[in-house]
Amino acid sequence: MADPMRIRAQAAGDKATVRVLMSHEMETGQRKDSAGKAIPAWFIQEVTAAHNGKTVLTADWGPSVAKNPFLQFNVKGAKAGDKITVSWVDNKGDKRSDEATVS
Amino acid sequence: MQTRREMLAQSATVAGLLATAGLLPQSALAAWPQAAFEAKTLAEAVKALGGGAPAESKDVTITGPDIAENGAVVPVGAACGLAGVSKLALLVEKNPSALAAVFNVTDAVEANVNTRVKMGQSSNVYAVAMMADGKVLFAQKEIKVTLGGCGG
């Protein structure tokens with residue numbers, strides 16, 4: 001299991017801004033190690049964000065998203081106390097899901 | 001002592017388990033648009049995602065720095081002012097695979113996402129909005145990179 005994500009969700013007016021910082025190597029498969037062998041690609045492929053259990057955003061990512069990926073989006077109609085859940089699956093089948101409360 | 005029949009039944013079970021285990025990661029991958037991520041150009045990637053010919057539009061905005069010091073972490077954002085956006089995509093033209101990320105936007109979120117991408121070299125970066133009615137709009141911005149984020 002990978003390290004936890006850091007999720008901050010702040011309500012502003014009738015929407016909430018959600019910022020997510022995931023902890024992941026995001027290896028591209030382009031780099032070579034000191035022996036000249038290619039390091040296999042290892043990156044997050046699917047990200048899902050849910051607001052109070054209802055999926056509001058899904059994303060398909062490629063290896064060119066930066067290491068320890070950052071994601072920011074705005075959820076309409078979210079207010080303080082609502083739950084935001086973010087989960088991801090990487091190309092090795094590893095997954096992680098974390099929850100935050102809108103403040 | 002195991003009979004032949006029992007042994008055959010057991011190996012069938014094991015084979016079945018292996019097949020299920022082997023199939024699971026594949027089904028997880030099925031939803032991931034591999035062809036789009038292998039595309040080299042904007043038009044190819046959009047086509048692989050099921051869109052038509054992309055047209056440049058002022059309704060799509062791309063945010064990012066003019067000069068990125070470190071290509072490994074380039075903050076970019078895509079936004080679209082129009083209603084009915086189904087997908088937002090970010091592409092880096094000169095990366096080994098142009099497509100960086102696709103966001104499937106629902107009505108419950110604004111068509112405005114920010115993330116960070118890697119860039120191998122100075123290049124045009126595209127924000128693409130695919131509308132629910134099939135139109136494909138994009139905006140571009142040139143980002144200069146002083147230190148590449150791929151290879152090395």
# chains A, B, ... in the order shown; residues from 1 in each chain; ligands from 1
$ interface_residues --of "chain B" --to "chain A" --cutoff "6 Å" --atoms "only C-alpha atoms" --output "list in words"
Val73, Ala100, Ala101, Val102, Phe103, Asn104, Val105, Thr106, Ala108, Val109, Glu110, Val113, Asn114, Thr115, Arg116, Val117, Lys118 and Gly151 of chain B
$ residues_around --residues "Pro4 of chain A" --least-positions-apart "5" --cutoff "9 Å" --atoms "only C-alpha atoms" --output "list in words"
Met22, Ser23, Arg96, Ser97 and Asp98 of chain A
$ write_last_selection --atoms "C-alpha atoms" --output "short mmCIF file (atom, residue, chain, number, x, y, z; two decimals), in the first residue's frame"
data_model
loop_
_atom_site.label_atom_id
_atom_site.label_comp_id
_atom_site.auth_asym_id
_atom_site.auth_seq_id
_atom_site.Cartn_x
_atom_site.Cartn_y
_atom_site.Cartn_z
CA MET A 22 -0.70 11.88 -4.12
CA SER A 23 2.44 10.02 -3.24
CA ARG A 96 -5.21 3.74 -2.61
CA SER A 97 -8.27 5.60 -1.41
CA ASP A 98 -8.47 8.51 1.00
#
$ residues_around --residues "segment 33-39 of chain B" --least-positions-apart "2" --cutoff "9 Å" --atoms "only C-alpha atoms" --output "list in words"
Asp60, Trp61, Gly62 and Pro63 of chain A; Leu29, Ala30, Ala31, Thr41, Leu42, Ala43, Glu44, Ala45, Val46, Lys47, Ala48, Leu49, Pro96, Ser97, Ala98, Leu99, Ala100 and Ala101 of chain B
$ closest_residue --among "B:Val60, B:Ala83, B:Leu91, B:Ala55" --to "Met119 of chain B" --atoms "only C-alpha atoms"
B:Leu91
$ residues_around --residues "Tyr126 of chain B" --least-positions-apart "6" --cutoff "7 Å" --atoms "only C-alpha atoms" --output "list in words"
Leu90, Leu91, Val92, Phe138, Ala139, Gln140 and Lys141 of chain B
$ atom_distance --atom1 "atom CA of Ile39 of chain A" --atom2 "atom CA of Gly71 of chain B"
19.1 Å
$ atom_distance --atom1 "atom CA of Lys95 of chain A" --atom2 "atom CA of Phe43 of chain A"
11.1 Å
$ select_by_dssp --residues "segment 21-107 of chain B" --states "helix (DSSP H, G or I)" --output "number ranges by chain"
B: 21-30, 34-38, 42-48
$ write_last_selection --atoms "C-alpha atoms" --output "PDB file, in the first residue's frame"
ATOM      1  CA  ALA B  21      -6.148 -13.592 -11.107  1.00  0.00           C
ATOM      2  CA  GLY B  22      -4.530 -13.041 -14.476  1.00  0.00           C
ATOM      3  CA  LEU B  23      -7.634 -11.481 -15.948  1.00  0.00           C
ATOM      4  CA  LEU B  24      -8.237  -8.943 -13.191  1.00  0.00           C
ATOM      5  CA  PRO B  25      -5.407  -6.546 -14.016  1.00  0.00           C
ATOM      6  CA  GLN B  26      -6.361  -6.783 -17.691  1.00  0.00           C
ATOM      7  CA  SER B  27      -9.942  -5.775 -17.047  1.00  0.00           C
ATOM      8  CA  ALA B  28      -8.658  -2.866 -14.964  1.00  0.00           C
ATOM      9  CA  LEU B  29      -6.619  -1.801 -17.973  1.00  0.00           C
ATOM     10  CA  ALA B  30      -9.460  -2.138 -20.430  1.00  0.00           C
ATOM     11  CA  GLN B  34      -4.054   2.853 -24.350  1.00  0.00           C
ATOM     12  CA  ALA B  35      -4.244   3.912 -28.015  1.00  0.00           C
ATOM     13  CA  ALA B  36      -4.722   7.535 -27.016  1.00  0.00           C
ATOM     14  CA  PHE B  37      -1.682   7.434 -24.772  1.00  0.00           C
ATOM     15  CA  GLU B  38       0.425   5.965 -27.591  1.00  0.00           C
ATOM     16  CA  LEU B  42      -2.859  16.136 -30.955  1.00  0.00           C
ATOM     17  CA  ALA B  43      -5.073  14.945 -33.818  1.00  0.00           C
ATOM     18  CA  GLU B  44      -4.169  11.277 -33.289  1.00  0.00           C
ATOM     19  CA  ALA B  45      -4.828  11.436 -29.552  1.00  0.00           C
ATOM     20  CA  VAL B  46      -8.179  13.169 -29.994  1.00  0.00           C
ATOM     21  CA  LYS B  47      -9.180  10.615 -32.623  1.00  0.00           C
ATOM     22  CA  ALA B  48      -8.244   7.750 -30.288  1.00  0.00           C
TER      23      ALA B  48
END
